[in-house]
Structure formats: C-alpha cells, structure tokens
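**Q** Just one file: final-v4.txt, with compact mmCIF, C-alpha atoms.
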# COMPACT_ATOMS: atom_id res chain seq x y z
CA LYS G 1000 -23.62 -25.18 -4.99
CA SER G 1001 -26.27 -25.69 -7.68
CA HIS G 1002 -25.37 -26.47 -11.27
CA LEU G 1003 -27.81 -26.29 -14.19
CA TRP G 1004 -27.54 -28.59 -17.24
CA ARG G 1005 -29.55 -29.92 -20.16
CA ALA G 1006 -28.64 -33.53 -19.90
CA TYR G 1007 -30.53 -36.32 -21.61
CA GLY G 1008 -28.35 -36.10 -24.73
CA LEU G 1009 -24.99 -37.74 -25.32
CA ILE G 1010 -22.32 -35.51 -23.76
CA ALA G 1011 -24.34 -33.91 -21.00
CA SER G 1012 -25.71 -37.22 -19.72
CA HIS G 1013 -22.15 -38.50 -19.23
CA VAL G 1014 -21.11 -35.19 -17.57
CA VAL G 1015 -24.10 -35.28 -15.20
CA VAL G 1016 -23.49 -38.90 -14.18
CA SER G 1017 -19.86 -38.04 -13.40
CA LEU G 1018 -20.74 -34.94 -11.38
CA VAL G 1019 -23.56 -36.55 -9.39
CA ARG G 1020 -21.29 -39.46 -8.44
CA ASN G 1021 -18.11 -37.49 -7.74
CA TYR G 1022 -19.48 -34.27 -6.21
CA PRO G 1023 -22.09 -35.30 -3.60
CA ASN G 1024 -22.08 -31.78 -2.09
CA TYR G 1025 -23.24 -30.21 -5.35
CA LEU G 1026 -26.87 -30.20 -6.40
CA ILE G 1027 -27.00 -31.01 -10.11
CA ILE G 1028 -30.15 -29.67 -11.78
CA ASN G 1029 -30.94 -31.13 -15.18
CA LEU G 1030 -33.22 -28.93 -17.30
CA ASP G 1031 -34.34 -30.73 -20.46
CA LYS G 1032 -37.22 -30.30 -22.89
CA LEU G 1033 -37.19 -34.06 -23.61
CA ASP G 1034 -37.16 -33.57 -27.37
CA TYR G 1035 -37.24 -36.42 -29.91
CA CYS G 1036 -33.56 -37.35 -29.29
CA ALA G 1037 -33.73 -37.51 -25.47
CA SER G 1038 -33.81 -40.80 -23.53
CA LEU G 1039 -34.70 -40.95 -19.84
CA LYS G 1040 -32.64 -44.15 -19.60
CA ASN G 1041 -29.43 -42.12 -20.12
CA LEU G 1042 -29.65 -40.93 -16.50
CA GLU G 1043 -31.33 -43.92 -14.82
CA THR G 1044 -28.18 -44.64 -12.79
CA VAL G 1045 -28.40 -41.29 -10.94
CA SER G 1046 -32.12 -40.45 -11.10
CA GLU G 1047 -32.72 -41.40 -7.43
CA LYS G 1048 -29.63 -39.66 -6.02
CA GLU G 1049 -30.22 -36.89 -3.48
CA ASN G 1050 -27.94 -34.40 -5.24
CA TYR G 1051 -29.72 -34.77 -8.60
CA LYS G 1052 -32.90 -33.00 -9.71
CA PHE G 1053 -34.68 -33.15 -13.07
CA ILE G 1054 -36.86 -30.30 -14.34
CA GLN G 1055 -38.64 -30.57 -17.67
CA GLY G 1056 -38.70 -27.24 -19.48
CA ASP G 1057 -37.75 -25.22 -22.54
CA ILE G 1058 -34.94 -22.65 -22.73
CA CYS G 1059 -37.04 -20.74 -25.29
CA GLU G 1060 -39.58 -19.76 -22.58
CA PRO G 1061 -38.19 -16.60 -20.90
CA HIS G 1062 -40.68 -16.43 -18.00
CA PHE G 1063 -40.09 -20.05 -17.06
CA ILE G 1064 -36.29 -19.63 -17.26
CA LYS G 1065 -36.34 -16.41 -15.21
CA GLN G 1066 -38.44 -18.11 -12.53
CA LEU G 1067 -36.09 -21.11 -12.51
CA PHE G 1068 -33.08 -18.92 -11.72
CA GLU G 1069 -35.06 -17.07 -9.02
CA THR G 1070 -36.14 -20.26 -7.25
CA GLU G 1071 -33.09 -22.53 -7.64
CA LYS G 1072 -30.15 -20.23 -6.79
CA ILE G 1073 -27.89 -21.61 -9.52
CA ASP G 1074 -24.11 -21.00 -9.38
CA ILE G 1075 -22.88 -22.57 -12.63
CA VAL G 1076 -24.56 -23.17 -15.99
CA LEU G 1077 -23.33 -25.62 -18.61
CA HIS G 1078 -25.44 -24.99 -21.70
CA PHE G 1079 -25.76 -28.02 -23.99
CA ALA G 1080 -29.34 -27.47 -25.17
CA ALA G 1081 -29.46 -27.34 -28.97
CA GLN G 1082 -30.80 -28.80 -32.15
CA THR G 1083 -27.63 -30.47 -33.48
CA HIS G 1084 -28.38 -32.64 -36.52
CA VAL G 1085 -26.72 -31.04 -39.57
CA ASP G 1086 -28.85 -32.90 -42.14
CA LEU G 1087 -32.05 -31.76 -40.44
CA SER G 1088 -30.84 -28.16 -40.29
CA PHE G 1089 -30.97 -27.81 -44.09
CA TRP G 1090 -34.74 -28.35 -44.02
CA HIS G 1091 -35.44 -26.66 -40.67
CA ALA G 1092 -33.10 -23.67 -40.57
CA LEU G 1093 -35.69 -21.46 -38.83
CA GLU G 1094 -36.25 -23.94 -35.99
CA PHE G 1095 -32.49 -24.30 -35.51
CA THR G 1096 -32.11 -20.51 -35.36
CA TYR G 1097 -34.97 -20.25 -32.87
CA VAL G 1098 -33.75 -22.94 -30.47
CA ASN G 1099 -30.00 -22.40 -30.77
CA VAL G 1100 -29.83 -18.60 -31.02
CA TYR G 1101 -32.98 -17.32 -29.33
CA GLY G 1102 -32.88 -20.05 -26.64
CA THR G 1103 -29.23 -19.25 -25.85
CA ASN G 1104 -30.06 -15.54 -25.63
CA VAL G 1105 -32.87 -16.28 -23.14
CA LEU G 1106 -30.60 -18.47 -21.00
CA VAL G 1107 -27.54 -16.22 -20.91
CA ALA G 1108 -29.70 -13.15 -20.14
CA ALA G 1109 -31.38 -14.93 -17.21
CA ALA G 1110 -28.05 -16.29 -15.93
CA HIS G 1111 -26.53 -12.81 -16.06
CA GLU G 1112 -29.47 -11.31 -14.16
CA ALA G 1113 -29.06 -14.05 -11.53
CA ASN G 1114 -25.31 -13.31 -11.10
CA VAL G 1115 -24.25 -16.83 -12.02
CA GLU G 1116 -20.55 -17.52 -11.25
CA LYS G 1117 -19.74 -19.24 -14.56
CA PHE G 1118 -21.66 -19.82 -17.80
CA VAL G 1119 -20.19 -22.44 -20.16
CA TYR G 1120 -21.57 -22.43 -23.71
CA VAL G 1121 -21.03 -25.70 -25.57
CA SER G 1122 -20.36 -24.98 -29.24
CA THR G 1123 -18.83 -26.99 -32.09
CA ASP G 1124 -15.79 -27.21 -34.37
CA GLU G 1125 -18.22 -26.70 -37.27
CA VAL G 1126 -18.34 -22.94 -36.66
CA TYR G 1127 -14.91 -22.74 -38.37
CA GLY G 1128 -16.21 -24.24 -41.64
CA GLY G 1129 -14.19 -26.85 -43.47
CA SER G 1130 -10.46 -26.87 -44.19
CA THR G 1131 -8.19 -29.29 -46.03
CA ASP G 1132 -4.89 -28.15 -44.54
CA GLN G 1133 -5.07 -25.14 -42.19
CA GLU G 1134 -5.45 -26.09 -38.50
CA PHE G 1135 -7.97 -23.94 -36.65
CA ASP G 1136 -7.16 -22.37 -33.31
CA GLU G 1137 -9.55 -20.38 -31.12
CA SER G 1138 -8.71 -17.11 -32.89
CA SER G 1139 -9.51 -18.48 -36.38
CA PRO G 1140 -12.44 -16.71 -38.06
CA LYS G 1141 -15.86 -18.33 -37.94
CA CYS G 1142 -17.00 -19.41 -41.41
CA PRO G 1143 -19.97 -21.80 -40.98
CA THR G 1144 -21.31 -23.57 -44.07
CA ASN G 1145 -24.60 -25.08 -42.85
CA PRO G 1146 -27.61 -23.78 -40.86
CA TYR G 1147 -26.70 -25.76 -37.72
CA ALA G 1148 -23.15 -24.37 -37.60
CA SER G 1149 -24.43 -20.87 -38.44
CA SER G 1150 -26.87 -20.96 -35.53
CA LYS G 1151 -24.12 -22.08 -33.13
CA ALA G 1152 -21.78 -19.34 -34.40
CA ALA G 1153 -24.49 -16.70 -33.93
CA ALA G 1154 -25.25 -17.99 -30.42
CA GLU G 1155 -21.53 -17.75 -29.58
CA CYS G 1156 -21.65 -14.05 -30.49
CA PHE G 1157 -24.53 -13.40 -28.09
CA VAL G 1158 -22.74 -15.27 -25.29
CA GLN G 1159 -19.42 -13.49 -25.93
CA SER G 1160 -21.17 -10.10 -25.93
CA TYR G 1161 -22.11 -10.61 -22.27
CA TRP G 1162 -18.40 -10.87 -21.45
CA GLU G 1163 -17.53 -7.81 -23.55
CA ARG G 1164 -20.39 -5.69 -22.21
CA TYR G 1165 -20.75 -6.81 -18.58
CA GLN G 1166 -17.63 -8.93 -17.85
CA PHE G 1167 -20.14 -11.72 -17.20
CA PRO G 1168 -17.97 -14.87 -16.74
CA VAL G 1169 -18.75 -16.87 -19.88
CA VAL G 1170 -16.58 -19.64 -21.37
CA ILE G 1171 -17.12 -21.10 -24.86
CA THR G 1172 -16.03 -24.61 -25.88
CA ARG G 1173 -15.78 -25.98 -29.43
CA SER G 1174 -15.49 -29.75 -29.62
CA SER G 1175 -14.88 -32.36 -32.30
CA ASN G 1176 -17.44 -35.10 -33.02
CA VAL G 1177 -18.19 -37.06 -29.86
CA TYR G 1178 -19.25 -40.72 -29.82
CA GLY G 1179 -20.14 -43.34 -27.22
CA PRO G 1180 -23.13 -44.83 -25.38
CA HIS G 1181 -26.30 -42.66 -25.03
CA GLN G 1182 -26.12 -41.04 -28.51
CA TYR G 1183 -29.36 -40.87 -30.51
CA PRO G 1184 -28.77 -42.97 -33.65
CA GLU G 1185 -29.21 -40.14 -36.17
CA LYS G 1186 -25.45 -39.41 -35.85
CA VAL G 1187 -23.04 -41.34 -38.05
CA ILE G 1188 -21.38 -43.78 -35.62
CA PRO G 1189 -24.52 -45.05 -33.81
CA LYS G 1190 -26.41 -44.99 -37.13
CA PHE G 1191 -23.88 -47.23 -38.89
CA ILE G 1192 -23.60 -49.54 -35.85
CA SER G 1193 -27.38 -49.90 -35.58
CA LEU G 1194 -27.86 -50.46 -39.33
CA LEU G 1195 -25.22 -53.21 -39.38
CA GLN G 1196 -26.62 -54.84 -36.23
CA GLN G 1197 -29.98 -55.00 -38.06
CA ASN G 1198 -28.32 -56.46 -41.20
CA ARG G 1199 -28.80 -53.23 -43.14
CA LYS G 1200 -26.26 -51.26 -45.19
CA CYS G 1201 -24.35 -48.15 -44.06
CA CYS G 1202 -25.62 -45.12 -46.03
CA ILE G 1203 -22.63 -43.10 -47.23
CA HIS G 1204 -23.29 -39.46 -48.16
CA GLY G 1205 -21.61 -38.49 -51.46
CA SER G 1206 -18.04 -39.76 -51.87
CA GLY G 1207 -17.57 -40.71 -48.20
CA LEU G 1208 -14.14 -39.08 -48.32
CA GLN G 1209 -15.13 -36.44 -45.75
CA ARG G 1210 -12.91 -36.86 -42.68
CA ARG G 1211 -14.02 -36.39 -39.07
CA ASN G 1212 -12.23 -36.28 -35.71
CA PHE G 1213 -13.86 -38.55 -33.11
CA LEU G 1214 -13.60 -38.16 -29.32
CA TYR G 1215 -14.93 -40.74 -26.87
CA ALA G 1216 -17.58 -39.48 -24.42
CA THR G 1217 -15.56 -39.98 -21.21
CA ASP G 1218 -12.67 -37.93 -22.63
CA VAL G 1219 -15.08 -35.07 -23.27
CA VAL G 1220 -16.43 -35.37 -19.71
CA GLU G 1221 -12.88 -34.84 -18.44
CA ALA G 1222 -12.54 -31.83 -20.75
CA PHE G 1223 -15.67 -30.18 -19.33
CA LEU G 1224 -14.63 -30.87 -15.74
CA THR G 1225 -11.30 -29.19 -16.61
CA VAL G 1226 -13.09 -26.18 -18.13
CA LEU G 1227 -15.34 -25.88 -15.07
CA LYS G 1228 -12.32 -25.81 -12.73
CA GLU G 1229 -9.64 -24.08 -14.83
CA GLY G 1230 -11.39 -22.32 -17.73
CA LYS G 1231 -10.85 -18.55 -17.69
CA PRO G 1232 -13.81 -16.17 -18.16
CA GLY G 1233 -14.07 -14.67 -21.64
CA GLU G 1234 -11.99 -17.47 -23.21
CA ILE G 1235 -12.76 -20.02 -25.94
CA TYR G 1236 -11.37 -23.58 -25.76
CA ASN G 1237 -11.09 -26.12 -28.58
CA ILE G 1238 -11.76 -29.67 -27.33
CA GLY G 1239 -10.30 -31.80 -30.09
CA THR G 1240 -8.29 -34.84 -31.04
CA ASN G 1241 -5.76 -35.67 -33.75
CA PHE G 1242 -7.55 -38.98 -34.35
CA GLU G 1243 -9.30 -38.64 -37.72
CA MET G 1244 -10.88 -40.99 -40.25
CA SER G 1245 -12.95 -40.74 -43.42
CA ILE G 1246 -16.59 -41.83 -43.41
CA ILE G 1247 -15.65 -44.72 -45.75
CA GLN G 1248 -12.89 -45.80 -43.33
CA LEU G 1249 -15.39 -45.58 -40.47
CA ALA G 1250 -17.92 -47.76 -42.31
CA LYS G 1251 -15.24 -50.36 -43.15
CA GLU G 1252 -13.99 -50.43 -39.56
CA LEU G 1253 -17.52 -51.03 -38.24
CA ILE G 1254 -18.27 -53.65 -40.91
CA HIS G 1255 -15.05 -55.44 -39.93
CA LEU G 1256 -15.94 -55.38 -36.21
CA ILE G 1257 -19.66 -56.22 -36.52
CA LYS G 1258 -19.73 -58.46 -39.63
CA LYS G 1259 -16.33 -60.05 -38.92
CA THR G 1260 -15.00 -59.62 -42.45
CA SER G 1261 -11.88 -58.06 -43.96
CA SER G 1262 -12.81 -58.86 -47.56
CA GLU G 1263 -12.98 -55.67 -49.68
CA SER G 1264 -15.87 -57.02 -51.79
CA GLU G 1265 -17.88 -58.07 -48.72
CA MET G 1266 -17.30 -54.65 -47.17
CA GLU G 1267 -18.59 -52.95 -50.33
CA HIS G 1268 -21.71 -55.10 -50.05
CA TRP G 1269 -22.52 -53.43 -46.69
CA MET G 1270 -22.15 -49.85 -48.06
CA ASP G 1271 -24.84 -47.93 -49.91
CA TYR G 1272 -23.83 -44.62 -51.53
CA VAL G 1273 -26.57 -41.95 -51.43
CA LYS G 1274 -26.69 -38.32 -52.57
CA ASP G 1275 -24.64 -35.84 -50.56
CA ARG G 1276 -25.76 -33.06 -48.22
CA PRO G 1277 -26.21 -29.63 -49.82
CA THR G 1278 -22.79 -28.82 -48.32
CA ASN G 1279 -20.48 -31.27 -46.57
CA ASP G 1280 -17.20 -29.95 -45.15
CA LEU G 1281 -14.20 -32.15 -45.90
CA ARG G 1282 -12.34 -31.75 -42.58
CA TYR G 1283 -12.29 -29.79 -39.30
CA PRO G 1284 -8.60 -29.88 -38.24
CA MET G 1285 -8.34 -28.14 -34.87
CA SER G 1286 -5.56 -27.27 -32.41
CA SER G 1287 -6.39 -28.03 -28.75
CA GLU G 1288 -3.18 -26.57 -27.31
CA LYS G 1289 -5.08 -24.27 -24.94
CA MET G 1290 -6.84 -27.28 -23.38
CA HIS G 1291 -3.54 -29.17 -23.20
CA ASN G 1292 -2.13 -26.21 -21.25
CA LEU G 1293 -4.96 -26.66 -18.71
CA GLY G 1294 -3.86 -30.29 -18.28
CA TRP G 1295 -6.40 -32.10 -20.48
CA ARG G 1296 -5.67 -34.60 -23.25
CA PRO G 1297 -7.85 -37.39 -24.70
CA LYS G 1298 -6.95 -40.82 -23.29
CA VAL G 1299 -9.36 -43.44 -24.66
CA PRO G 1300 -7.96 -45.22 -27.74
CA TRP G 1301 -10.33 -45.61 -30.71
CA LYS G 1302 -10.27 -49.44 -30.54
CA GLU G 1303 -11.40 -49.39 -26.90
CA GLY G 1304 -14.04 -46.68 -27.31
CA ILE G 1305 -15.65 -48.14 -30.43
CA LYS G 1306 -15.87 -51.65 -28.93
CA LYS G 1307 -17.65 -50.31 -25.83
CA THR G 1308 -20.01 -48.33 -28.08
CA ILE G 1309 -20.87 -51.33 -30.30
CA GLU G 1310 -21.62 -53.44 -27.21
CA TRP G 1311 -23.90 -50.76 -25.75
CA TYR G 1312 -26.06 -50.47 -28.89
CA LYS G 1313 -26.64 -54.25 -28.96
CA GLU G 1314 -28.77 -53.83 -25.84
CA ASN G 1315 -29.95 -50.22 -25.92
CA PHE G 1316 -31.05 -49.25 -29.45
CA HIS G 1317 -34.70 -49.14 -28.37
CA ASN G 1318 -34.07 -46.69 -25.52
CA TRP G 1319 -35.66 -44.15 -27.89
CA LYS G 1320 -39.21 -44.89 -29.02
CA ASN G 1321 -38.54 -43.38 -32.47
CA ALA G 1322 -35.05 -44.82 -33.00
CA GLU G 1323 -36.01 -46.57 -36.28
CA LYS G 1324 -36.73 -43.19 -37.92
CA ALA G 1325 -33.17 -42.09 -37.20
CA LEU G 1326 -31.74 -44.75 -39.52
CA GLU G 1327 -33.07 -43.21 -42.74
CA PRO G 1328 -30.28 -41.88 -45.04
CA PHE G 1329 -31.80 -38.41 -44.70
CA PRO G 1330 -34.14 -37.11 -42.00
CA VAL G 1331 -37.90 -37.12 -42.39
CA THR G 1332 -38.72 -33.54 -43.33
CA GLU G 1333 -42.04 -32.82 -41.64
CA PRO G 1334 -41.81 -29.92 -39.16
CA PHE G 1335 -40.48 -31.30 -35.87
CA ALA G 1336 -41.15 -28.24 -33.71
CA GLN G 1337 -43.97 -25.77 -33.35
CA LEU G 1338 -42.56 -22.28 -33.12
CA ASN G 1339 -44.23 -20.11 -30.49
CA VAL G 1340 -42.17 -17.01 -31.08
CA PRO G 1341 -43.19 -14.33 -28.58
Would you put the structure from the file into structure tokens?
**A**
Amino acid sequence: KSHLWRAYGLIASHVVVSLVRNYPNYLIINLDKLDYCASLKNLETVSEKENYKFIQGDICEPHFIKQLFETEKIDIVLHFAAQTHVDLSFWHALEFTYVNVYGTNVLVAAAHEANVEKFVYVSTDEVYGGSTDQEFDESSPKCPTNPYASSKAAAECFVQSYWERYQFPVVITRSSNVYGPHQYPEKVIPKFISLLQQNRKCCIHGSGLQRRNFLYATDVVEAFLTVLKEGKPGEIYNIGTNFEMSIIQLAKELIHLIKKTSSESEMEHWMDYVKDRPTNDLRYPMSSEKMHNLGWRPKVPWKEGIKKTIEWYKENFHNWKNAEKALEPFPVTEPFAQLNVP
C-alpha cells in the first residue's frame, strides 16, 4: 500500500517516522513544498529507509498532483499541508485562502479521481471559534474568528462535499494545540523555550489570560493511527485533551524549568507584554468522546512532554535556517508566497 503525506512539519513528521518504522510493508510517500517552516532534519532518521520516499512539490499545482496520483498508485492520503500561523494569517489572508482552500480542493479532487481508499483531512479546533464555557463536539457550528481558522473551515466544507456528493471516503480531524520536538519556533511553546534559552523575554500577547489545550506529539500520532484504522468515512473526530493552561501560566512554567526560579518578581522579569492579535479567542474547550470510543486517549503527562521538548530545543533550534525570525513578537509582514493562481 502507498500512503501520501506532507511531512516536514511537526505532527506529520512524527506520524511518518512512526509509520515507516512500524509498517515496513507500506510505502510512505512524503509530498512537501519545503516552505519556510520545514526542516529536512525532522525526517533524517527514516530518510534512507526503503519504504520511505520524499517528493518535493506543491498541492496548489493541479497538473503535478494529478500526475502524482497517476504514477504512484496511492491508497491513503493524510492531508497536513497548510499555512498554520494565526498571527501571519491576519496580514496574509489571501495566501492562507489560496494554500489552505484551493490547495485542499486540488488534492481532494485528484484523490477522488484516483479512487483513493481513505482521505484524512487534518483540521483544527479553531474552526469552532472561542468559547468560555460551552464544550464543542463535532456537531457544534463552525464560527471561525481569524483568517487561518476561516480557511480551514472552508477547506473542511470542500472535503465534506466529496462525501455528500460521491460517498468518497473522507475523514476530518480537529485537534487541539500540539507541541513537541520538530515544531518551527513561531508557535508559542517552542518560541518561549527558545527565547528563554537565549536569555530573552517571553512575549505575551495582550493579557496572556487566553487558555489553550496542549497535546504532546506522540499522543497525536496515536490518534492519527487510530483514525486511519478505525475512523469511519464521512465522520469528523475531535482530537483533544482536558489539559489546559493560560499563556501566562505557560510562560511561568517554562521560566521555572529553564531559569530555575519560583520567585514571582523574577518570573515577571522574563515576561514582556505586547499588543494583542486583532482577535484572540479565550478558549477552545472540546469533547473528544468520539475518539475515546475508538480507543484513543492522550497518555503523555505535561511534565514529561515539556521536559523532552525543552531538551530537544537546546540542541536543535538551528535546524531551520531562518529560526531567529520566528522569535519576533509578531511575524515579519513582507509577502511570504508568490501567488500563481491559474
């Protein structure tokens, strides 16, 4: 069997490593554009394996994608490819729409034409919008509040339409924030870790009272393996955790672990409050009962996961040639993609 992935980012790189090692009879094909946040080192451990193949390419190029499905005989697609940085999406909404919506449309259309056995679309809890009390389940309405989440919600609709119209076996997942080794340091956990390891302050957006649910990478790998085996066509699955902390709590925890201090005044010294995003949802509480019914639950405790992550960034921050840029409080706003809309 051949499986197609986009896999030099955080979650997919961990999924690919697991599949290549544990399923030697499957050919794992990694399609990746190698955008600014990709690191070839994320897959060094499997790059020479016989059941692994890397192809550089762009999901926004229909002729290339069509040819890929014709030549590779792919059975299963797990679609991770996306622009995912919320801050950046406020300044580059068009690029996010192009990559996340148009690119998904190209990929799902080609997969359908090739009679793929299962197409898994990797979405996000952010499509629900924020909530302070109500817990979202898979039937909750989508109410995205930023361009990134809006593009993922729109892409979900295109994917779901292939199930409604053709009974094409699609599955959609919506996961909480994921952390762990391999994550480009524009996201909050690796950003704070890297800033502190360089004796710089954590940049807190707005009040810092926004709360996020954090899942360790290996737990999410197990979730995707469960969805691949047990996920039913046409269904949506929340991949979440009850573990939640505010951004201020997160900063204090990392300051405590990296700077070895519990003093409130010393902790404040390592925090720098900056202006907030144009919108910043307070919480994304999510029920994962459907995944629990398939037999999946998160296992890695926060203390264990965060220690492994801190250790990894000590040695691997420079795996990305532009990692320093990622540590700015807000992204650099020059255009990062040239749009070649057909």
**Q** Find the residues around stretch 1069-1079 of chain G up to 9 Å (all atoms listed in the file counted), leave out those fewer than 2 positions away in its own chain, and share them as JSON, numbers by chain.
**A** {"G": [1000, 1001, 1002, 1003, 1004, 1005, 1006, 1008, 1010, 1011, 1028, 1064, 1065, 1066, 1067, 1081, 1103, 1106, 1110, 1113, 1114, 1115, 1116, 1117, 1118, 1119, 1120, 1121, 1122, 1223, 1227]}
**Q** For G:Ile1309, which residue among G:Gln1182, G:Ser1130, G:Ser1287, G:Thr1278 is the nearest when counting all atoms listed in the file?
**A**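 Ranking G:Gln1182, G:Ser1130, G:Ser1287, G:Thr1278 by distance to G:Ile1309, first place goes to G:Gln1182.
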**Q** In terms of the shortest atom-to-atom distance over only C-alpha atoms, which of G:Val1015, G:Val1220, G:Ala1148, G:Ile1305 is closest to G:Phe1089?
**A**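 Of the candidates, the smallest distance to G:Phe1089 is held by G:Ala1148.
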**Q** At a cut-off of 7 Å, using all atoms listed in the file, what residues contact stretch 1204-1211 of chain G? Leave out same-chain residues fewer than 5 positions from it and give the result as a tab-separated table (two decimals) with C-alpha atoms, in the coordinates of the input.
**A**
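Done, and the output landed in selection-v7.tsv:
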chain	number	residue	atom	x	y	z
G	1243	GLU	CA	-9.30	-38.64	-37.72
G	1244	MET	CA	-10.88	-40.99	-40.25
G	1245	SER	CA	-12.95	-40.74	-43.42
G	1246	ILE	CA	-16.59	-41.83	-43.41
G	1247	ILE	CA	-15.65	-44.72	-45.75
G	1272	TYR	CA	-23.83	-44.62	-51.53
G	1273	VAL	CA	-26.57	-41.95	-51.43
G	1274	LYS	CA	-26.69	-38.32	-52.57
G	1275	ASP	CA	-24.64	-35.84	-50.56
G	1276	ARG	CA	-25.76	-33.06	-48.22
G	1280	ASP	CA	-17.20	-29.95	-45.15
G	1281	LEU	CA	-14.20	-32.15	-45.90
G	1282	ARG	CA	-12.34	-31.75	-42.58
G	1283	TYR	CA	-12.29	-29.79	-39.30
**Q** Fewer than 2 positions away in the same chain doesn't count, so skip those; otherwise give me all residues within 8 Å of G:Gly1233, counting only C-alpha atoms, as a VMD selection string.
**A** chain G and resid 1159 1162 to 1163 1166 1168 to 1171 1231 1235
**Q** Work out how far atom CA of G:Asn1212 is from atom CA of G:Lys1190, in Å to one decimal.
**A**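 Distance reported for this atom pair: 16.7 Å.
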**Q** Which polymer residues have any atom within 12 Å of an atom of G:Lys1298, counting only C-alpha atoms, with same-chain residues fewer than 5 positions away left out, as a PDB file with C-alpha atoms, keeping the file's coordinate frame?
**A**
ATOM      1  CA  LEU G1214     -13.600 -38.160 -29.320  1.00  0.00           C
ATOM      2  CA  TYR G1215     -14.930 -40.740 -26.870  1.00  0.00           C
ATOM      3  CA  ALA G1216     -17.580 -39.480 -24.420  1.00  0.00           C
ATOM      4  CA  THR G1217     -15.560 -39.980 -21.210  1.00  0.00           C
ATOM      5  CA  ASP G1218     -12.670 -37.930 -22.630  1.00  0.00           C
ATOM      6  CA  VAL G1219     -15.080 -35.070 -23.270  1.00  0.00           C
ATOM      7  CA  VAL G1220     -16.430 -35.370 -19.710  1.00  0.00           C
ATOM      8  CA  GLU G1221     -12.880 -34.840 -18.440  1.00  0.00           C
ATOM      9  CA  ALA G1222     -12.540 -31.830 -20.750  1.00  0.00           C
ATOM     10  CA  GLY G1239     -10.300 -31.800 -30.090  1.00  0.00           C
ATOM     11  CA  THR G1240      -8.290 -34.840 -31.040  1.00  0.00           C
ATOM     12  CA  ASN G1241      -5.760 -35.670 -33.750  1.00  0.00           C
ATOM     13  CA  PHE G1242      -7.550 -38.980 -34.350  1.00  0.00           C
ATOM     14  CA  GLU G1303     -11.400 -49.390 -26.900  1.00  0.00           C
ATOM     15  CA  GLY G1304     -14.040 -46.680 -27.310  1.00  0.00           C
TER      16      GLY G1304
END
**Q** Quote the spacing between atom CA of G:Tyr1051 and atom CA of G:Pro1180 in Å to one decimal place.
**A** 20.6 Å
**Q** Give me the residues within 12 Å of G:Glu1047 as JSON, numbers by chain, counting only C-alpha atoms and dropping any in the same chain fewer than 4 places off.
**A** {"G": [1016, 1019, 1020, 1042, 1043, 1051, 1052, 1053]}
**Q** Export, as a CSV table (one decimal), in the coordinates of the input, the selected residues with C-alpha atoms.
**A**
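Saved result, out_32.csv, follows:
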chain,number,residue,atom,x,y,z
G,1016,VAL,CA,-23.5,-38.9,-14.2
G,1019,VAL,CA,-23.6,-36.6,-9.4
G,1020,ARG,CA,-21.3,-39.5,-8.4
G,1042,LEU,CA,-29.6,-40.9,-16.5
G,1043,GLU,CA,-31.3,-43.9,-14.8
G,1051,TYR,CA,-29.7,-34.8,-8.6
G,1052,LYS,CA,-32.9,-33.0,-9.7
G,1053,PHE,CA,-34.7,-33.2,-13.1
**Q** Would you mind telling me which residue in G:Tyr1183, G:Phe1068, G:Phe1063, G:Tyr1007 lies nearest to G:Trp1319 when using only C-alpha atoms?
**A** G:Tyr1183
**Q** Calculated over all atoms listed in the file, which of the candidates G:Met1285, G:Met1290, G:Cys1059, G:Leu1253 has the smallest distance to G:Leu1194?
**A**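 Smallest distance to G:Leu1194 is found for G:Leu1253.
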**Q** Figure out the distance between atom CA of G:Ile1027 and atom CA of G:Asn1050, please, to one decimal in Å.
**A**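 Here the two named atoms are 6.0 Å from each other.
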**Q** Step by step: start from the point (-9.0, -19.4, -32.0) in the file's coordinates, keep every protein, DNA or RNA residue that has an atom no farther than 12 Å from it, count only C-alpha atoms, and write the set as a ChimeraX atom specification.
**A** /G:1124,1126-1127,1134-1141,1171-1173,1234-1238,1285-1290
**Q** Using all atoms listed in the file, what residues lie at most 7 Å away from (-21.9, -49.1, -42.4) (file coordinates), given as a PyMOL selection string?
**A** chain G and resi 1191-1192+1194-1195+1200-1202+1250-1251+1253-1254+1269-1270
**Q** In terms of the shortest atom-to-atom distance over only C-alpha atoms, which of G:Asp1132, G:Glu1185, G:Glu1229, G:Glu1252 is closest to G:Lys1306?
**A**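 Among G:Asp1132, G:Glu1185, G:Glu1229, G:Glu1252, it is G:Glu1252 that comes nearest to G:Lys1306.
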**Q** Let me make sure I understand: among G:Thr1225, G:Ser1262, G:Asn1145, G:Asn1099, which one has the smallest atom-to-atom distance to G:Phe1157 if we use only C-alpha atoms?
**A**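 With only C-alpha atoms as the atom set, the closest residue is G:Asn1099.
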